[in-house]
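S.K.: query_5.cif is reproduced in full below (mmCIF, C-alpha atoms and all ligand atoms).
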```cif
data_target
loop_
_atom_site.label_atom_id
_atom_site.label_comp_id
_atom_site.auth_asym_id
_atom_site.auth_seq_id
_atom_site.Cartn_x
_atom_site.Cartn_y
_atom_site.Cartn_z
CA MET A 198 137.24 101.50 116.46
CA LYS A 199 135.08 103.98 114.63
CA ASP A 200 132.12 102.81 116.73
CA GLN A 201 133.31 105.07 119.49
CA SER A 202 132.61 108.21 117.43
CA ALA A 203 128.99 107.37 116.61
CA PRO A 204 127.17 110.60 115.68
CA THR A 205 124.95 112.30 118.22
CA LEU A 206 121.45 112.10 116.86
CA SER A 207 118.15 113.20 118.27
CA TRP A 208 115.22 110.91 117.55
CA ARG A 209 111.51 111.55 117.19
CA PRO A 210 108.54 109.52 115.99
CA VAL A 211 107.34 110.25 112.45
CA GLU A 212 104.02 112.04 112.90
CA THR A 213 103.49 115.26 110.96
CA ASP A 214 103.22 115.79 107.20
CA SER A 215 106.67 117.36 107.15
CA ASP A 216 108.08 114.34 109.06
CA TRP A 217 106.63 112.07 106.36
CA ASP A 218 108.17 114.27 103.64
CA SER A 219 111.54 113.98 105.37
CA ALA A 220 111.07 110.22 105.67
CA ALA A 221 110.27 110.04 101.94
CA ARG A 222 113.43 112.00 100.99
CA LEU A 223 115.58 109.55 102.94
CA TYR A 224 113.64 106.47 101.83
CA ASN A 225 114.05 107.52 98.19
CA LEU A 226 117.83 107.18 98.60
CA ASP A 227 117.22 103.40 98.65
CA PHE A 228 115.57 103.69 95.24
CA GLU A 229 118.04 106.03 93.58
CA GLY A 230 117.73 105.62 89.83
CA ILE A 231 113.96 105.44 89.96
CA ALA A 232 112.17 108.17 91.86
CA TRP A 233 109.61 107.35 94.53
CA PRO A 234 108.59 110.89 95.33
CA GLY A 235 105.93 111.67 97.88
CA ASP A 236 104.31 109.49 100.42
CA VAL A 237 105.69 105.99 99.95
CA PRO A 238 106.84 105.48 103.53
CA ARG A 239 103.38 106.45 104.74
CA THR A 240 101.47 104.30 102.24
CA ASP A 241 103.82 101.40 103.05
CA PHE A 242 101.90 101.07 106.29
CA GLY A 243 98.45 101.53 104.80
CA THR A 244 97.78 97.84 104.26
CA LEU A 245 99.18 96.58 107.57
CA PRO A 246 96.51 95.45 110.04
CA ALA A 247 95.97 98.23 112.58
CA ASP A 248 97.27 96.16 115.50
CA THR A 249 100.60 95.30 113.84
CA PRO A 250 103.37 96.60 116.09
CA ARG A 251 105.56 99.27 114.49
CA LEU A 252 108.17 101.87 115.38
CA ILE A 253 108.81 104.69 112.88
CA LEU A 254 111.55 107.21 113.66
CA LEU A 255 113.52 110.09 112.21
CA GLY A 256 117.01 110.89 113.46
CA SER A 257 118.35 114.42 113.07
CA ARG A 258 121.80 115.85 113.46
CA ARG A 259 122.26 119.59 113.98
CA GLY A 260 118.63 120.17 112.99
CA GLU A 261 118.79 118.17 109.76
CA ASP A 262 116.93 114.87 109.34
CA VAL A 263 119.56 112.32 108.33
CA VAL A 264 118.17 108.86 109.17
CA TYR A 265 114.77 107.23 108.65
CA ALA A 266 114.50 104.07 110.75
CA ARG A 267 111.47 101.86 110.99
CA CYS A 268 110.43 98.36 111.82
CA HIS A 269 107.11 96.55 111.89
CA GLY A 270 105.71 93.10 112.51
CA GLN A 271 105.13 90.78 109.54
CA PRO A 272 101.83 89.05 110.37
CA TRP A 273 101.91 87.05 107.11
CA TYR A 274 104.74 84.90 108.51
CA SER A 275 104.52 82.58 111.46
CA GLY A 276 106.26 83.50 114.71
CA SER A 277 107.36 86.98 115.63
CA SER A 278 109.09 88.34 112.54
CA PHE A 279 109.93 92.03 112.04
CA ALA A 280 110.92 93.92 108.88
CA VAL A 281 113.64 96.47 109.58
CA ARG A 282 114.62 99.37 107.33
CA VAL A 283 117.15 102.14 107.92
CA SER A 284 117.51 104.74 105.17
CA THR A 285 120.39 107.19 105.00
CA TRP A 286 122.97 108.20 102.39
CA PRO A 287 124.99 105.36 100.84
CA GLY A 288 128.29 104.99 102.66
CA GLU A 289 127.09 106.75 105.85
CA GLU A 290 127.56 103.59 107.86
CA ASP A 291 127.82 105.31 111.24
CA LEU A 292 124.34 106.73 110.67
CA ALA A 293 122.98 103.39 109.44
CA ARG A 294 124.38 101.62 112.50
CA ALA A 295 122.99 104.31 114.81
CA GLY A 296 119.54 103.86 113.24
CA LEU A 297 119.52 100.12 113.74
CA GLU A 298 120.79 100.44 117.29
CA ARG A 299 118.05 102.97 118.06
CA LEU A 300 115.40 100.53 116.82
CA LEU A 301 116.97 97.79 118.89
CA GLU A 302 116.39 99.77 122.05
CA TRP A 303 112.74 98.85 121.52
CA GLY A 304 112.16 95.69 123.55
CA LEU A 305 109.65 94.29 121.07
CA LEU A 306 112.22 94.23 118.27
CA ARG A 307 114.82 92.63 120.51
CA SER A 308 112.40 89.95 121.62
CA ALA A 309 111.29 89.04 118.07
CA THR A 310 112.30 85.61 116.77
CA ARG A 311 113.42 86.91 113.36
CA TRP A 312 114.42 90.19 111.68
CA GLU A 313 114.30 90.82 107.95
CA ALA A 314 116.03 93.63 106.05
CA MET A 315 116.77 94.47 102.43
CA VAL A 316 120.06 95.77 101.01
CA ARG A 317 120.99 96.62 97.43
CA SER A 318 123.79 94.53 95.93
CA ASP A 319 125.49 97.73 94.72
CA ARG A 320 125.80 99.01 98.33
CA PRO A 321 128.45 96.64 99.72
CA SER A 322 129.32 98.84 102.70
CA ARG A 323 125.68 98.72 103.87
CA LEU A 324 125.68 94.94 103.53
CA ALA A 325 128.87 94.80 105.62
CA THR A 326 127.21 96.96 108.30
CA TRP A 327 124.19 94.70 108.50
CA MET A 328 126.43 91.65 108.69
CA THR A 329 128.02 93.02 111.85
CA PHE A 330 124.55 92.68 113.39
CA GLY A 331 124.38 89.01 112.38
CA PHE A 332 122.35 89.42 109.16
CA ARG A 333 122.94 86.96 106.33
CA VAL A 334 121.53 86.76 102.79
CA LYS A 335 118.33 84.71 102.71
CA MET A 336 117.01 85.43 99.21
CA VAL A 337 117.94 87.37 96.08
CA ALA A 338 115.22 89.49 94.46
CA PRO A 339 116.47 91.23 91.31
CA GLU A 340 115.31 94.80 90.84
CA SER A 341 114.05 95.26 87.26
CA HIS A 342 112.77 98.38 85.54
CA LEU A 343 110.84 98.96 82.34
CA ASP A 344 110.91 102.22 80.42
CA LEU A 345 107.28 102.51 79.33
CA HIS A 346 108.29 104.75 76.42
CA LEU A 347 110.01 101.74 74.87
CA ILE A 348 107.16 99.23 74.90
CA ASP A 349 105.96 97.85 71.59
CA GLU A 350 102.28 98.78 71.80
CA SER A 351 101.05 96.50 69.02
CA ARG A 352 102.77 93.47 70.57
CA PHE A 353 101.33 94.32 73.99
CA GLN A 354 97.85 94.76 72.51
CA ALA A 355 98.10 91.34 70.88
CA LEU A 356 99.13 89.80 74.22
CA ALA A 357 96.28 91.52 76.09
CA ALA A 358 93.77 90.23 73.53
CA GLN A 359 94.43 86.70 74.87
CA ILE A 360 92.08 87.38 77.77
CA SER A 361 88.87 87.86 75.78
CA ALA A 362 90.04 85.24 73.24
CA GLN A 363 89.74 82.68 76.06
CA GLY A 364 86.21 83.78 76.94
CA LEU A 365 87.42 85.49 80.12
CA THR A 366 86.52 88.98 81.34
CA LEU A 367 88.84 91.80 82.36
CA THR A 368 87.73 94.23 85.05
CA THR A 369 89.21 96.75 87.47
CA LYS A 370 88.79 96.26 91.21
CA GLU A 371 86.96 99.58 91.22
CA GLU A 372 84.32 98.06 88.95
CA TRP A 373 84.31 94.63 90.64
CA HIS A 374 83.69 96.05 94.12
CA ARG A 375 80.97 98.48 93.09
CA GLY A 376 78.12 97.90 95.51
CA ASP A 377 80.43 96.42 98.18
CA LEU A 378 79.30 92.85 97.68
CA ILE A 379 80.98 90.93 100.47
CA ASP A 380 81.00 87.71 98.43
CA ARG A 381 83.30 89.41 95.96
CA TYR A 382 85.80 90.16 98.72
CA ARG A 383 85.57 86.53 99.79
CA ALA A 384 86.23 85.37 96.22
CA ARG A 385 89.29 87.64 96.06
CA TYR A 386 90.44 86.42 99.46
CA GLU A 387 90.29 82.78 98.37
CA PHE A 388 92.20 83.60 95.20
CA GLU A 389 94.88 85.59 97.08
CA MET A 390 95.45 82.96 99.77
CA GLU A 391 96.01 80.35 97.03
CA VAL A 392 98.47 82.42 94.98
CA TYR A 393 100.38 83.90 97.93
CA SER A 394 101.20 80.32 99.00
CA ASP A 395 102.95 79.86 95.63
CA ILE A 396 105.13 82.99 95.71
CA PRO A 397 108.77 82.31 96.65
CA LEU A 398 109.14 84.37 99.85
CA PRO A 399 111.92 84.43 102.46
CA GLU A 400 109.61 82.59 104.88
CA PRO A 401 106.60 80.34 104.25
CA PHE A 402 103.40 82.37 103.92
CA VAL A 403 100.76 81.72 106.57
CA PRO A 404 97.20 82.30 105.29
CA GLU A 405 95.35 84.79 107.46
CA PRO A 406 91.66 84.47 108.45
CA PHE A 407 89.16 86.14 106.11
CA GLU A 408 88.18 88.71 108.76
CA ALA A 409 91.78 89.89 109.20
CA TRP A 410 92.31 90.08 105.42
CA LEU A 411 89.08 92.04 105.07
CA GLU A 412 90.08 94.52 107.75
CA SER A 413 93.07 95.68 105.72
CA ASN A 414 91.50 95.32 102.26
CA LEU A 415 88.02 96.74 102.74
CA PRO A 416 89.09 100.32 103.46
CA ASP A 417 92.06 100.27 101.10
CA ARG A 418 90.72 101.44 97.77
CA ARG A 419 93.60 103.73 96.77
CA ASN A 420 94.79 101.48 94.00
CA HIS A 421 91.48 100.05 92.84
CA HIS A 422 91.41 102.10 89.63
CA ARG A 423 94.81 100.62 88.70
CA SER A 424 94.22 97.04 89.85
CA TRP A 425 92.80 94.44 87.50
CA LEU A 426 91.16 91.05 87.79
CA VAL A 427 90.50 88.44 85.14
CA LEU A 428 87.20 86.69 85.81
CA ASP A 429 86.12 83.23 84.74
CA GLY A 430 82.40 83.72 85.13
CA ASP A 431 82.23 85.33 88.55
CA ARG A 432 85.49 83.88 89.85
CA PRO A 433 88.75 85.89 89.95
CA VAL A 434 91.45 83.83 88.22
CA ALA A 435 94.17 86.45 87.70
CA ASN A 436 95.27 89.66 89.36
CA THR A 437 97.72 92.46 88.74
CA GLU A 438 97.99 95.87 90.35
CA PHE A 439 100.15 98.98 90.64
CA HIS A 440 101.39 100.53 93.84
CA GLY A 441 103.38 103.71 94.45
CA PRO A 442 102.44 107.35 94.99
CA LEU A 443 99.21 108.23 93.26
CA HIS A 444 100.10 111.83 92.43
CA ALA A 445 103.56 111.16 90.93
CA LYS A 446 103.84 110.12 87.31
CA GLU A 447 107.45 108.98 87.39
CA SER A 448 106.93 105.36 88.27
CA VAL A 449 104.65 102.58 89.37
CA GLN A 450 105.49 99.38 91.17
CA THR A 451 103.89 96.22 89.79
CA TRP A 452 102.33 94.08 92.50
CA LEU A 453 100.78 90.62 92.82
CA THR A 454 100.64 89.49 89.23
CA ALA A 455 99.19 86.09 89.94
CA VAL A 456 97.06 83.47 88.26
CA ALA A 457 94.89 80.75 89.84
CA ARG A 458 96.53 77.31 89.62
CA SER A 459 93.68 76.10 87.39
CA HIS A 460 94.46 78.78 84.76
CA ARG A 461 98.28 78.85 84.57
CA ARG A 462 100.39 78.48 81.40
CA ARG A 463 97.64 79.92 79.24
CA GLY A 464 99.35 83.28 78.76
CA LEU A 465 97.16 85.07 81.30
CA ALA A 466 99.90 86.67 83.42
CA SER A 467 101.57 88.01 80.27
CA ALA A 468 98.25 89.23 78.88
CA LEU A 469 97.12 90.95 82.04
CA LYS A 470 100.45 92.60 82.68
CA ALA A 471 100.63 93.81 79.07
CA HIS A 472 97.20 95.39 79.54
CA ALA A 473 98.25 97.06 82.79
CA LEU A 474 101.51 98.41 81.35
CA LEU A 475 99.69 99.86 78.34
CA TRP A 476 97.35 101.57 80.81
CA ALA A 477 100.30 102.96 82.79
CA LYS A 478 101.90 104.36 79.65
CA ALA A 479 98.62 105.98 78.55
CA ALA A 480 98.19 107.40 82.07
CA GLY A 481 101.53 109.19 81.71
CA TYR A 482 103.82 107.04 83.87
CA ARG A 483 107.41 106.68 82.66
CA TRP A 484 108.80 103.69 84.57
CA ALA A 485 107.52 100.42 86.01
CA ARG A 486 109.60 98.65 88.66
CA THR A 487 109.46 95.21 90.17
CA ASP A 488 111.54 92.96 92.42
CA ASN A 489 110.61 89.32 92.05
CA ALA A 490 112.74 86.55 93.51
CA GLU A 491 115.13 85.17 90.90
CA THR A 492 113.49 81.76 91.36
CA ASN A 493 110.03 83.13 90.45
CA PRO A 494 108.90 82.43 86.85
CA MET A 495 107.68 86.03 86.93
CA PHE A 496 111.30 87.20 86.72
CA ASN A 497 111.77 85.79 83.20
CA LEU A 498 108.24 86.67 82.19
CA ASN A 499 109.05 90.31 83.07
CA LYS A 500 112.24 90.11 81.02
CA GLU A 501 110.16 88.96 78.05
CA LEU A 502 108.03 92.08 78.52
CA GLY A 503 111.17 94.26 78.38
CA PHE A 504 112.06 94.73 82.06
CA ARG A 505 115.81 95.17 82.55
CA TRP A 506 117.85 94.11 85.59
CA VAL A 507 119.29 97.04 87.55
CA TYR A 508 120.70 95.47 90.74
CA ASP A 509 119.81 92.71 93.19
CA ASN A 510 117.78 93.31 96.32
CA LEU A 511 119.37 91.09 98.94
CA VAL A 512 116.80 89.97 101.47
CA LEU A 513 118.66 89.56 104.75
CA GLU A 514 117.64 87.66 107.82
CA ALA A 515 118.96 87.69 111.37
CA SER A 516 118.13 85.79 114.45
CA PRO A 517 118.08 88.21 117.38
CA ALA A 518 119.50 85.41 119.53
CA ASP A 519 122.66 85.52 117.35
CA PHE A 520 122.82 89.26 117.81
CA ARG A 521 122.58 88.94 121.59
CA SER A 522 125.42 86.44 121.72
CA ARG A 523 127.56 88.65 119.44
CA ALA A 524 126.76 91.68 121.55
CA ALA A 525 127.91 89.79 124.62
CA SER A 526 131.23 88.70 123.12
CA GLY A 527 132.09 90.56 119.94
CA PRO A 528 133.67 93.89 119.09
CA HIS A 529 130.36 95.25 117.84
CA ALA A 530 128.63 95.33 121.19
CA GLY A 531 125.85 97.73 120.21
C1 LIG B 601 104.08 83.45 87.89
C2 LIG B 601 102.65 83.30 87.38
C3 LIG B 601 101.90 84.61 87.60
C4 LIG B 601 102.67 82.98 85.88
O1 LIG B 601 101.32 83.00 85.39
P1 LIG B 601 100.90 82.30 84.00
O2 LIG B 601 99.60 82.88 83.57
O3 LIG B 601 100.98 80.84 84.16
O4 LIG B 601 102.06 82.80 83.04
P2 LIG B 601 102.02 82.80 81.42
O5 LIG B 601 101.12 81.71 80.95
O6 LIG B 601 101.74 84.18 80.95
O7 LIG B 601 103.55 82.41 81.11
C5 LIG B 601 104.32 83.08 80.15
C6 LIG B 601 105.69 82.42 80.08
O8 LIG B 601 106.36 82.58 81.34
C7 LIG B 601 107.13 81.37 81.61
N1 LIG B 601 106.55 80.65 82.78
C8 LIG B 601 105.37 80.86 83.37
N2 LIG B 601 105.21 80.03 84.42
C9 LIG B 601 106.31 79.23 84.45
C10 LIG B 601 106.74 78.20 85.32
N3 LIG B 601 106.01 77.78 86.37
N4 LIG B 601 107.95 77.62 85.08
C11 LIG B 601 108.72 78.04 84.06
N5 LIG B 601 108.36 79.04 83.19
C12 LIG B 601 107.18 79.64 83.41
C13 LIG B 601 107.01 80.52 80.36
O9 LIG B 601 108.04 80.93 79.49
C14 LIG B 601 105.66 80.93 79.83
O10 LIG B 601 105.51 80.68 78.46
P3 LIG B 601 105.06 79.19 77.96
O11 LIG B 601 103.89 78.76 78.80
O12 LIG B 601 104.69 79.42 76.51
O13 LIG B 601 106.25 78.31 78.16
C15 LIG B 601 101.91 82.13 88.12
O14 LIG B 601 102.73 80.99 88.11
C16 LIG B 601 101.54 82.44 89.55
O15 LIG B 601 100.46 82.96 89.82
N6 LIG B 601 102.45 82.14 90.52
C17 LIG B 601 102.16 82.44 91.94
C18 LIG B 601 102.12 83.94 92.21
C19 LIG B 601 103.44 84.62 91.92
O16 LIG B 601 104.51 84.13 92.28
N7 LIG B 601 103.37 85.80 91.27
C20 LIG B 601 104.52 86.65 90.97
C21 LIG B 601 105.03 87.42 92.13
S1 LIG B 601 103.84 88.48 92.87
#
```
Go ahead and express the file in the form of structure tokens.

M.R.:
Amino acid sequence: MKDQSAPTLSWRPVETDSDWDSAARLYNLDFEGIAWPGDVPRTDFGTLPADTPRLILLGSRRGEDVVYARCHGQPWYSGSSFAVRVSTWPGEEDLARAGLERLLEWGLLRSATRWEAMVRSDRPSRLATWMTFGFRVKMVAPESHLDLHLIDESRFQALAAQISAQGLTLTTKEEWHRGDLIDRYRARYEFEMEVYSDIPLPEPFVPEPFEAWLESNLPDRRNHHRSWLVLDGDRPVANTEFHGPLHAKESVQTWLTAVARSHRRRGLASALKAHALLWAKAAGYRWARTDNAETNPMFNLNKELGFRWVYDNLVLEASPADFRSRAASGPHAG
């Protein structure tokens, strides 16, 4: 079998700026069609609690970095769940397999109760590779993109006007957190724990204690100028925000568009997102991307706003116990 001719790679932890640039080049291959230039792999880790276990590696062959492989704990799920990602060129399945096997040498990943990975539906050979490790499809999250040049500004302005028409206030997180009032973080925390419980995720969400939430949110102000809240009096009742590299104007990722249960079906998600997308266009961004589960009402709401399906993100799950029994008996003994 081809397994026998696995490439000889040398591995090192991702540490220096040039390592992170290499990681970004490889990571961007997963997002071909919409550029994620710059520091996404690094900022990916910015909001993880500091004590979350992680392993972040680059594999090089003949002096060239060819595989980015990383895994980290997912403290928002119960049990010991790890997200796994291996980025290399499409079709380079020997390299992909080598990356996953390298991660698996880490005892912590092997002893986890659950692994999660993501594969694009238009990369069937990568899906087949992951399946040899026991992964199966757990959830489908369509990837949708919006060309901001095409939005109908007057329609979006009319949608956004629904916020003040309901006597509610729109603010940025930058403005809301001016003065570092801890009660305002607590109000956001309560809002987020409620709405996260309603998002279709591969695993049930486990609310974290306020102190843990604060630890990752208090220092993380990178996106506060492009994160919005709708307030009912002093209470946050809707949120939307953009993620993605700050310095690159190609694209933004929409994140946590969510409305308090008490305020749903009043047009607030549509209004807030319309406002945010108008902002992104005025700020010079070209594309917005998102990847909601197909069962999330947000998927159709995005379509109404002009987002177009590009491919499906297949969220995969494996039980390491399955992998161990396959490794003991099957042809793919890692
Ligand atoms: C998804 C969510 C943000 C929608 O917020 P909302 O303010 O109620 O949405 P809107 O009022 O703007 O809805 C616009 C349209 O979307 C569709 N829609 C919204 N929620 C729906 C639902 N639960 N079921 C079916 N269609 C729905 C409807 O077509 C609706 O128009 P209508 O009310 O005239 O029929 C909200 O349900 C929520 O916070 N869910 C939990 C968090 C989440 O999953 N966020 C997205 C992923 S991060």

S.K.: Provide an axis-aligned box for all listed atoms of range 490-506 of chain A, padding each side by 5 Å; report its centre and its edge lengths in Å to one decimal, as lines of an AutoDock Vina configuration file.

M.R.:
```
center_x = 112.8
center_y = 88.5
center_z = 85.8
size_x = 20.2
size_y = 23.4
size_z = 25.5
```

S.K.: Counting all atoms listed in the file, which protein, DNA or RNA residues come within 10 Å of ligand LIG 601 (chain B), given as a count of residues only?

M.R.: 53

S.K.: Within 12 Å of (125.0, 95.1, 106.6) in the file's own coordinates, which protein, DNA or RNA residues have an atom, counting all atoms listed in the file? List them as a PDB file with C-alpha atoms, keeping the file's coordinate frame.

M.R.:
```pdb
ATOM      1  CA  VAL A 281     113.640  96.470 109.580  1.00  0.00           C
ATOM      2  CA  ARG A 282     114.620  99.370 107.330  1.00  0.00           C
ATOM      3  CA  VAL A 283     117.150 102.140 107.920  1.00  0.00           C
ATOM      4  CA  PRO A 287     124.990 105.360 100.840  1.00  0.00           C
ATOM      5  CA  GLY A 288     128.290 104.990 102.660  1.00  0.00           C
ATOM      6  CA  GLU A 289     127.090 106.750 105.850  1.00  0.00           C
ATOM      7  CA  GLU A 290     127.560 103.590 107.860  1.00  0.00           C
ATOM      8  CA  ASP A 291     127.820 105.310 111.240  1.00  0.00           C
ATOM      9  CA  ALA A 293     122.980 103.390 109.440  1.00  0.00           C
ATOM     10  CA  ARG A 294     124.380 101.620 112.500  1.00  0.00           C
ATOM     11  CA  LEU A 297     119.520 100.120 113.740  1.00  0.00           C
ATOM     12  CA  GLU A 313     114.300  90.820 107.950  1.00  0.00           C
ATOM     13  CA  ALA A 314     116.030  93.630 106.050  1.00  0.00           C
ATOM     14  CA  MET A 315     116.770  94.470 102.430  1.00  0.00           C
ATOM     15  CA  VAL A 316     120.060  95.770 101.010  1.00  0.00           C
ATOM     16  CA  ARG A 317     120.990  96.620  97.430  1.00  0.00           C
ATOM     17  CA  SER A 318     123.790  94.530  95.930  1.00  0.00           C
ATOM     18  CA  ARG A 320     125.800  99.010  98.330  1.00  0.00           C
ATOM     19  CA  PRO A 321     128.450  96.640  99.720  1.00  0.00           C
ATOM     20  CA  SER A 322     129.320  98.840 102.700  1.00  0.00           C
ATOM     21  CA  ARG A 323     125.680  98.720 103.870  1.00  0.00           C
ATOM     22  CA  LEU A 324     125.680  94.940 103.530  1.00  0.00           C
ATOM     23  CA  ALA A 325     128.870  94.800 105.620  1.00  0.00           C
ATOM     24  CA  THR A 326     127.210  96.960 108.300  1.00  0.00           C
ATOM     25  CA  TRP A 327     124.190  94.700 108.500  1.00  0.00           C
ATOM     26  CA  MET A 328     126.430  91.650 108.690  1.00  0.00           C
ATOM     27  CA  THR A 329     128.020  93.020 111.850  1.00  0.00           C
ATOM     28  CA  PHE A 330     124.550  92.680 113.390  1.00  0.00           C
ATOM     29  CA  GLY A 331     124.380  89.010 112.380  1.00  0.00           C
ATOM     30  CA  PHE A 332     122.350  89.420 109.160  1.00  0.00           C
ATOM     31  CA  ARG A 333     122.940  86.960 106.330  1.00  0.00           C
ATOM     32  CA  VAL A 334     121.530  86.760 102.790  1.00  0.00           C
ATOM     33  CA  LEU A 511     119.370  91.090  98.940  1.00  0.00           C
ATOM     34  CA  VAL A 512     116.800  89.970 101.470  1.00  0.00           C
ATOM     35  CA  LEU A 513     118.660  89.560 104.750  1.00  0.00           C
ATOM     36  CA  GLU A 514     117.640  87.660 107.820  1.00  0.00           C
ATOM     37  CA  ALA A 515     118.960  87.690 111.370  1.00  0.00           C
TER      38      ALA A 515
END
```

S.K.: I'd like to know which of A:His422, A:Leu292, A:Ala247, A:Gly276 is closest to Phe402 in chain A, using only C-alpha atoms.

M.R.: A:Gly276

S.K.: Separation of CA of Gly296 in chain A and CA of Asp214 in chain A, in Å?

M.R.: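 For CA of Gly296 in chain A relative to CA of Asp214 in chain A, the distance reads 21.1 Å.
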
S.K.: By how many Å are CA of Ala221 in chain A and CA of Leu475 in chain A apart?

M.R.: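 Computing the Euclidean distance for CA of Ala221 in chain A and CA of Leu475 in chain A yields 27.8 Å.
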
S.K.: When you count all atoms listed in the file, which of these residues is closest to Ala473 in chain A: A:Trp506, A:Phe353, A:Phe279, A:Trp373?

M.R.: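 With all atoms listed in the file as the atom set, the closest residue is A:Phe353.
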